[in-house]
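Undergrad: Next up is a structure, given as structure tokens.
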Amino acid sequence: MRLFVVLSVCIAVSSAYPNLVDLAAANNATKLVALLNSAGLADILKDPSQGPFTLLAPSDAAFGKIPDSDLQALKADNAKLQEVLKYHVMKGEIFEWDLLNHEVISSLNGHSIRVYVRNSMAGQSTYFNQAKVVISELQASNGVLYLIDEVLNMPEGTIDDILLNPDYNINSFMDFVKSAGLTQVFNRTTGNRYTMFVPTNQALASMDQGFLTQIKNNRINARHLVDYHVHPGTLHAKSIVGPGRLSTMYRGHYINLSQDSNNNTLLNNVASVVQADIEAEDGVVHIISHVLIPSTLSPTGIGGIVG
């Protein structure tokens, strides 16, 4: 009899909560719900026998940041739409006390999501990749919902894939990656994750080409240049705020962070972020406006370390 009473109470408590889809609709995530229905995923997130799940629900305002033409194109490709939506779902219930700063968690379709937990005078803020949690830990009958302020960017292949993507105009940096013998390091879907700051092709073209050729033709120098553009671990734009400094793969060499008069982040007081948070399977890429040169490769000293 006692067991029956306990089970009855648990069932009553569970049924007091709406399912994840209805909970999203009630919390300013109606555009997400429409896409879940369009993709044929809504029923799964309503079915208690399929869960529990943790749903990262972009608000209607978050979807409003995406051009309507891009949303229409996404809706026209159901397979891609399902992948994007599954990237916002995780198996099991994940509560705030479960989340660790810089933790990497896995989405329903097997891609990585980075967690950031920030404490300040204003309180604690939680981010999933580039998206800030607006409302946390909304309890559903079949899981937990977080309302977020951005639609998560799906990984676009490995870091190498992003470097070679013609849409970004950053493929010139791949020449240095190849010279350094690092192509396989940045072409993995498991293992270590990195943050790469990649200069635009224009940034490289604007430099002294003889100086760059000396670096490119020496494997060690090329390695130092590439390593200086890479931070070990994943950092999204909201975590790259000065003043401060970032460690790099070039041990003992740091990237200084500051802010310009408009509060935009500068790297080494010169390079601005042209495009941030390009998601990769093995980390994240930020496109920057200038090449970062470590002190050991300064133009005045390069002649002494070539060969």
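By order in the structure tokens, chains are A, B, ...; within a chain, residues start at 1; ligands start at 1, following the order shown.
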Write out as a list of chain:residue names which residues come within 12 Å of A:Ile170 when counting only C-alpha atoms, dropping same-chain ones fewer than 6 positions away.
TA: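 Contacts, in chain order: A:Ile159, A:Asp160, A:Asp161, A:Ile162, A:Leu163, A:Leu164, A:Phe176, A:Val177, A:Met196, A:Phe197, A:Val198, A:Pro199, A:Thr200, A:Asn201, A:Gln202, A:Ala203, A:Leu204, A:Ala205, A:Val274, A:Gln275, A:Val285, A:His286, A:Ile287, A:Ile288, A:Ser289, A:His290, A:Val291.
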Undergrad: Out of stretch 52-245 of chain A, which residues get helix (DSSP H, G or I) from DSSP, as a VMD selection string?
TA: chain A and resid 60 to 64 68 to 76 78 to 86 96 to 98 159 to 163 173 to 179 201 to 205 209 to 216 219 to 228 237 to 239
Undergrad: Quick one: everything within 10 Å of A:Asn101, counting only C-alpha atoms, minus sequence neighbours fewer than 6 positions away in the same chain. Send it as a ChimeraX atom specification.
TA: /A:114-118,126-127
Undergrad: Keeping only all heavy atoms, take the residues you just selected and write them out as a PDB file, in the first residue's frame.
TA:
ATOM      1  N   ARG A 114      29.885  23.809 -25.413  1.00  0.00           N
ATOM      2  CA  ARG A 114      30.739  24.277 -24.318  1.00  0.00           C
ATOM      3  C   ARG A 114      29.910  25.063 -23.314  1.00  0.00           C
ATOM      4  O   ARG A 114      29.067  25.877 -23.690  1.00  0.00           O
ATOM      5  CB  ARG A 114      31.854  25.162 -24.871  1.00  0.00           C
ATOM      6  CG  ARG A 114      32.929  25.546 -23.848  1.00  0.00           C
ATOM      7  CD  ARG A 114      33.754  24.348 -23.436  1.00  0.00           C
ATOM      8  NE  ARG A 114      34.802  24.697 -22.486  1.00  0.00           N
ATOM      9  CZ  ARG A 114      36.058  24.955 -22.825  1.00  0.00           C
ATOM     10  NH1 ARG A 114      36.415  24.919 -24.092  1.00  0.00           N
ATOM     11  NH2 ARG A 114      36.959  25.230 -21.912  1.00  0.00           N
ATOM     12  N   VAL A 115      30.152  24.825 -22.041  1.00  0.00           N
ATOM     13  CA  VAL A 115      29.445  25.517 -20.958  1.00  0.00           C
ATOM     14  C   VAL A 115      30.374  26.551 -20.338  1.00  0.00           C
ATOM     15  O   VAL A 115      31.552  26.281 -20.083  1.00  0.00           O
ATOM     16  CB  VAL A 115      28.996  24.520 -19.866  1.00  0.00           C
ATOM     17  CG1 VAL A 115      28.328  25.256 -18.719  1.00  0.00           C
ATOM     18  CG2 VAL A 115      28.058  23.471 -20.456  1.00  0.00           C
ATOM     19  N   TYR A 116      29.832  27.740 -20.110  1.00  0.00           N
ATOM     20  CA  TYR A 116      30.563  28.783 -19.388  1.00  0.00           C
ATOM     21  C   TYR A 116      29.703  29.242 -18.220  1.00  0.00           C
ATOM     22  O   TYR A 116      28.535  29.565 -18.402  1.00  0.00           O
ATOM     23  CB  TYR A 116      30.853  29.992 -20.285  1.00  0.00           C
ATOM     24  CG  TYR A 116      31.613  29.669 -21.552  1.00  0.00           C
ATOM     25  CD1 TYR A 116      30.939  29.427 -22.749  1.00  0.00           C
ATOM     26  CD2 TYR A 116      32.999  29.606 -21.550  1.00  0.00           C
ATOM     27  CE1 TYR A 116      31.633  29.129 -23.906  1.00  0.00           C
ATOM     28  CE2 TYR A 116      33.699  29.312 -22.711  1.00  0.00           C
ATOM     29  CZ  TYR A 116      33.013  29.075 -23.886  1.00  0.00           C
ATOM     30  OH  TYR A 116      33.692  28.783 -25.032  1.00  0.00           O
ATOM     31  N   VAL A 117      30.285  29.293 -17.050  1.00  0.00           N
ATOM     32  CA  VAL A 117      29.594  29.795 -15.864  1.00  0.00           C
ATOM     33  C   VAL A 117      30.382  30.996 -15.364  1.00  0.00           C
ATOM     34  O   VAL A 117      31.566  30.879 -15.019  1.00  0.00           O
ATOM     35  CB  VAL A 117      29.489  28.726 -14.764  1.00  0.00           C
ATOM     36  CG1 VAL A 117      28.762  29.287 -13.551  1.00  0.00           C
ATOM     37  CG2 VAL A 117      28.772  27.489 -15.295  1.00  0.00           C
ATOM     38  N   ARG A 118      29.733  32.159 -15.362  1.00  0.00           N
ATOM     39  CA  ARG A 118      30.408  33.398 -14.991  1.00  0.00           C
ATOM     40  C   ARG A 118      29.791  33.964 -13.713  1.00  0.00           C
ATOM     41  O   ARG A 118      28.563  34.098 -13.619  1.00  0.00           O
ATOM     42  CB  ARG A 118      30.281  34.419 -16.113  1.00  0.00           C
ATOM     43  CG  ARG A 118      30.958  34.005 -17.413  1.00  0.00           C
ATOM     44  CD  ARG A 118      32.467  34.146 -17.286  1.00  0.00           C
ATOM     45  NE  ARG A 118      33.135  33.762 -18.531  1.00  0.00           N
ATOM     46  CZ  ARG A 118      33.662  32.571 -18.744  1.00  0.00           C
ATOM     47  NH1 ARG A 118      33.575  31.649 -17.806  1.00  0.00           N
ATOM     48  NH2 ARG A 118      34.262  32.295 -19.881  1.00  0.00           N
ATOM     49  N   THR A 126      25.127  31.973 -17.082  1.00  0.00           N
ATOM     50  CA  THR A 126      25.488  30.711 -17.718  1.00  0.00           C
ATOM     51  C   THR A 126      25.334  30.843 -19.220  1.00  0.00           C
ATOM     52  O   THR A 126      24.366  31.430 -19.706  1.00  0.00           O
ATOM     53  CB  THR A 126      24.594  29.565 -17.199  1.00  0.00           C
ATOM     54  OG1 THR A 126      24.722  29.479 -15.776  1.00  0.00           O
ATOM     55  CG2 THR A 126      25.002  28.237 -17.823  1.00  0.00           C
ATOM     56  N   TYR A 127      26.315  30.305 -19.944  1.00  0.00           N
ATOM     57  CA  TYR A 127      26.285  30.325 -21.399  1.00  0.00           C
ATOM     58  C   TYR A 127      26.448  28.907 -21.929  1.00  0.00           C
ATOM     59  O   TYR A 127      27.197  28.101 -21.359  1.00  0.00           O
ATOM     60  CB  TYR A 127      27.425  31.182 -21.968  1.00  0.00           C
ATOM     61  CG  TYR A 127      27.346  32.650 -21.653  1.00  0.00           C
ATOM     62  CD1 TYR A 127      27.785  33.147 -20.424  1.00  0.00           C
ATOM     63  CD2 TYR A 127      26.852  33.559 -22.584  1.00  0.00           C
ATOM     64  CE1 TYR A 127      27.722  34.506 -20.135  1.00  0.00           C
ATOM     65  CE2 TYR A 127      26.792  34.913 -22.307  1.00  0.00           C
ATOM     66  CZ  TYR A 127      27.226  35.377 -21.083  1.00  0.00           C
ATOM     67  OH  TYR A 127      27.162  36.720 -20.795  1.00  0.00           O
TER      68      TYR A 127
END
Undergrad: With a distance cut-off of 10 Å and only C-alpha atoms, select the neighbouring residues of A:Gly191, excluding the residue or stretch itself and same-chain residues fewer than 6 positions from it, and output the selection as a list in words.
TA: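 Everything that qualifies: Val185, Glu281 and Asp282 of chain A.
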Undergrad: Okay, now the selection with all heavy atoms, as a short mmCIF file (atom, residue, chain, number, x, y, z; two decimals), in the first residue's frame?
TA:
data_model
loop_
_atom_site.label_atom_id
_atom_site.label_comp_id
_atom_site.auth_asym_id
_atom_site.auth_seq_id
_atom_site.Cartn_x
_atom_site.Cartn_y
_atom_site.Cartn_z
N VAL A 185 46.24 17.92 -36.70
CA VAL A 185 45.87 18.36 -35.35
C VAL A 185 44.52 19.06 -35.35
O VAL A 185 43.70 18.89 -34.43
CB VAL A 185 46.96 19.30 -34.78
CG1 VAL A 185 46.50 19.92 -33.46
CG2 VAL A 185 48.26 18.53 -34.58
N GLU A 281 33.87 21.16 -35.10
CA GLU A 281 33.79 19.92 -34.32
C GLU A 281 34.88 19.86 -33.26
O GLU A 281 34.71 19.24 -32.21
CB GLU A 281 33.90 18.70 -35.25
CG GLU A 281 32.80 18.57 -36.27
CD GLU A 281 31.47 18.14 -35.67
OE1 GLU A 281 31.41 17.93 -34.44
OE2 GLU A 281 30.50 17.99 -36.43
N ASP A 282 36.01 20.51 -33.54
CA ASP A 282 37.15 20.45 -32.62
C ASP A 282 37.46 21.81 -32.00
O ASP A 282 38.59 22.07 -31.60
CB ASP A 282 38.38 19.89 -33.31
CG ASP A 282 38.67 20.54 -34.66
OD1 ASP A 282 37.81 21.28 -35.17
OD2 ASP A 282 39.77 20.30 -35.22
#
Undergrad: Write out as number ranges by chain each polymer residue whose atoms come within 12 Å of A:Val226, counting only C-alpha atoms; drop sequence neighbours fewer than 5 positions from it.
TA: A: 173-183, 185-186, 195-199, 215-216, 219-221, 231, 248-250, 291-294, 297
Undergrad: With C-alpha atoms retained, write the just-selected residues as a PDB file, in the first residue's frame.
TA:
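Result saved to selection36.pdb:
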ATOM      1  CA  PHE A 173      46.451  30.823 -43.195  1.00  0.00           C
ATOM      2  CA  MET A 174      46.226  27.139 -44.105  1.00  0.00           C
ATOM      3  CA  ASP A 175      49.596  27.508 -45.883  1.00  0.00           C
ATOM      4  CA  PHE A 176      51.209  28.145 -42.501  1.00  0.00           C
ATOM      5  CA  VAL A 177      49.273  25.291 -40.874  1.00  0.00           C
ATOM      6  CA  LYS A 178      50.592  22.951 -43.582  1.00  0.00           C
ATOM      7  CA  SER A 179      54.140  24.276 -43.266  1.00  0.00           C
ATOM      8  CA  ALA A 180      53.976  23.704 -39.522  1.00  0.00           C
ATOM      9  CA  GLY A 181      52.802  20.112 -40.013  1.00  0.00           C
ATOM     10  CA  LEU A 182      49.609  20.742 -38.046  1.00  0.00           C
ATOM     11  CA  THR A 183      46.873  19.881 -40.536  1.00  0.00           C
ATOM     12  CA  VAL A 185      45.872  18.356 -35.346  1.00  0.00           C
ATOM     13  CA  PHE A 186      43.028  20.615 -36.496  1.00  0.00           C
ATOM     14  CA  THR A 195      40.195  28.287 -30.258  1.00  0.00           C
ATOM     15  CA  MET A 196      41.861  29.597 -33.414  1.00  0.00           C
ATOM     16  CA  PHE A 197      42.152  33.289 -34.271  1.00  0.00           C
ATOM     17  CA  VAL A 198      42.497  33.329 -38.060  1.00  0.00           C
ATOM     18  CA  PRO A 199      43.682  36.415 -39.963  1.00  0.00           C
ATOM     19  CA  ILE A 215      58.288  32.150 -41.693  1.00  0.00           C
ATOM     20  CA  LYS A 216      56.457  29.829 -44.063  1.00  0.00           C
ATOM     21  CA  ARG A 219      58.812  24.606 -40.125  1.00  0.00           C
ATOM     22  CA  ILE A 220      59.670  25.785 -36.605  1.00  0.00           C
ATOM     23  CA  ASN A 221      58.823  29.408 -37.342  1.00  0.00           C
ATOM     24  CA  HIS A 231      44.326  28.925 -27.484  1.00  0.00           C
ATOM     25  CA  THR A 248      48.370  30.223 -26.485  1.00  0.00           C
ATOM     26  CA  MET A 249      49.758  26.960 -27.784  1.00  0.00           C
ATOM     27  CA  TYR A 250      53.101  28.771 -28.093  1.00  0.00           C
ATOM     28  CA  VAL A 291      48.135  38.855 -38.094  1.00  0.00           C
ATOM     29  CA  LEU A 292      49.434  38.256 -34.560  1.00  0.00           C
ATOM     30  CA  ILE A 293      53.234  38.106 -34.434  1.00  0.00           C
ATOM     31  CA  PRO A 294      54.953  36.663 -31.353  1.00  0.00           C
ATOM     32  CA  LEU A 297      59.247  36.308 -34.850  1.00  0.00           C
TER      33      LEU A 297
END
Undergrad: Could you check the closest approach to A:Arg188 for each of A:Asn171, A:Thr30, A:Asn165, A:Thr158 and tell me which residue wins, using only C-alpha atoms?
TA: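 Nearest candidate to A:Arg188 out of A:Asn171, A:Thr30, A:Asn165, A:Thr158: A:Thr158.
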Undergrad: If we count only C-alpha atoms and set the cut-off at 12 Å, which residues sit around A:Lys65, ignoring sequence neighbours fewer than 4 positions away in its own chain? Please answer as a list in words.
TA: Pro58, Ser59, Asp60, Ala61, Ser69, Asp70, Leu71, Asp149, Glu150, Val151 and Leu152 of chain A
Undergrad: Write down as a PyMOL selection string the residues belonging to stretch 76-208 of chain A that are assigned strand (DSSP E) by DSSP computed on the backbone.
TA: chain A and resi 89-91+104-106+112-120+123-128+131-140+143-148+194-199
Undergrad: Need to verify the contact set: A:Leu257, 7 Å, only C-alpha atoms, exclusion of same-chain residues closer than 3 positions in sequence. Can you return it as a PyMOL selection string?
TA: chain A and resi 241-245+265-268
Undergrad: Go ahead and dump the residues you just picked, N, CA, C and O atoms, as a compact mmCIF listing (two decimals), in the first residue's frame.
TA:
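Done, and the output landed in out30.txt:
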# COMPACT_ATOMS: atom_id res chain seq x y z
N VAL A 241 37.09 39.04 -23.44
CA VAL A 241 36.86 40.44 -23.11
C VAL A 241 38.03 40.95 -22.27
O VAL A 241 38.42 40.32 -21.29
N GLY A 242 38.59 42.08 -22.69
CA GLY A 242 39.70 42.67 -21.96
C GLY A 242 39.24 43.54 -20.81
O GLY A 242 38.04 43.80 -20.67
N PRO A 243 40.16 43.99 -19.99
CA PRO A 243 41.61 43.75 -20.09
C PRO A 243 41.98 42.37 -19.54
O PRO A 243 41.30 41.84 -18.68
N GLY A 244 43.06 41.83 -20.08
CA GLY A 244 43.52 40.53 -19.65
C GLY A 244 44.45 39.95 -20.69
O GLY A 244 44.98 40.66 -21.54
N ARG A 245 44.65 38.65 -20.62
CA ARG A 245 45.48 37.99 -21.62
C ARG A 245 45.05 36.55 -21.76
O ARG A 245 44.47 35.96 -20.84
N THR A 265 36.53 44.23 -28.44
CA THR A 265 37.76 43.56 -28.02
C THR A 265 38.86 43.71 -29.06
O THR A 265 38.63 43.56 -30.27
N LEU A 266 40.06 44.02 -28.58
CA LEU A 266 41.25 44.07 -29.42
C LEU A 266 42.25 43.03 -28.93
O LEU A 266 42.42 42.84 -27.73
N LEU A 267 42.91 42.39 -29.87
CA LEU A 267 43.97 41.44 -29.55
C LEU A 267 45.30 42.13 -29.84
O LEU A 267 45.52 42.64 -30.95
N ASN A 268 46.16 42.16 -28.85
CA ASN A 268 47.45 42.85 -28.95
C ASN A 268 47.29 44.30 -29.41
O ASN A 268 48.12 44.83 -30.16
Undergrad: Given the choices A:Leu246, A:Val133, A:Leu145, A:Ala42, which gets closest to A:Thr234 if the distance is worked out from only C-alpha atoms?
TA: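 Once distances to A:Thr234 are computed over only C-alpha atoms, the minimum belongs to A:Leu246.
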Undergrad: In Å, with one decimal, what is the gap from atom CA of A:Ser261 to atom CA of A:His236?
TA: 21.5 Å
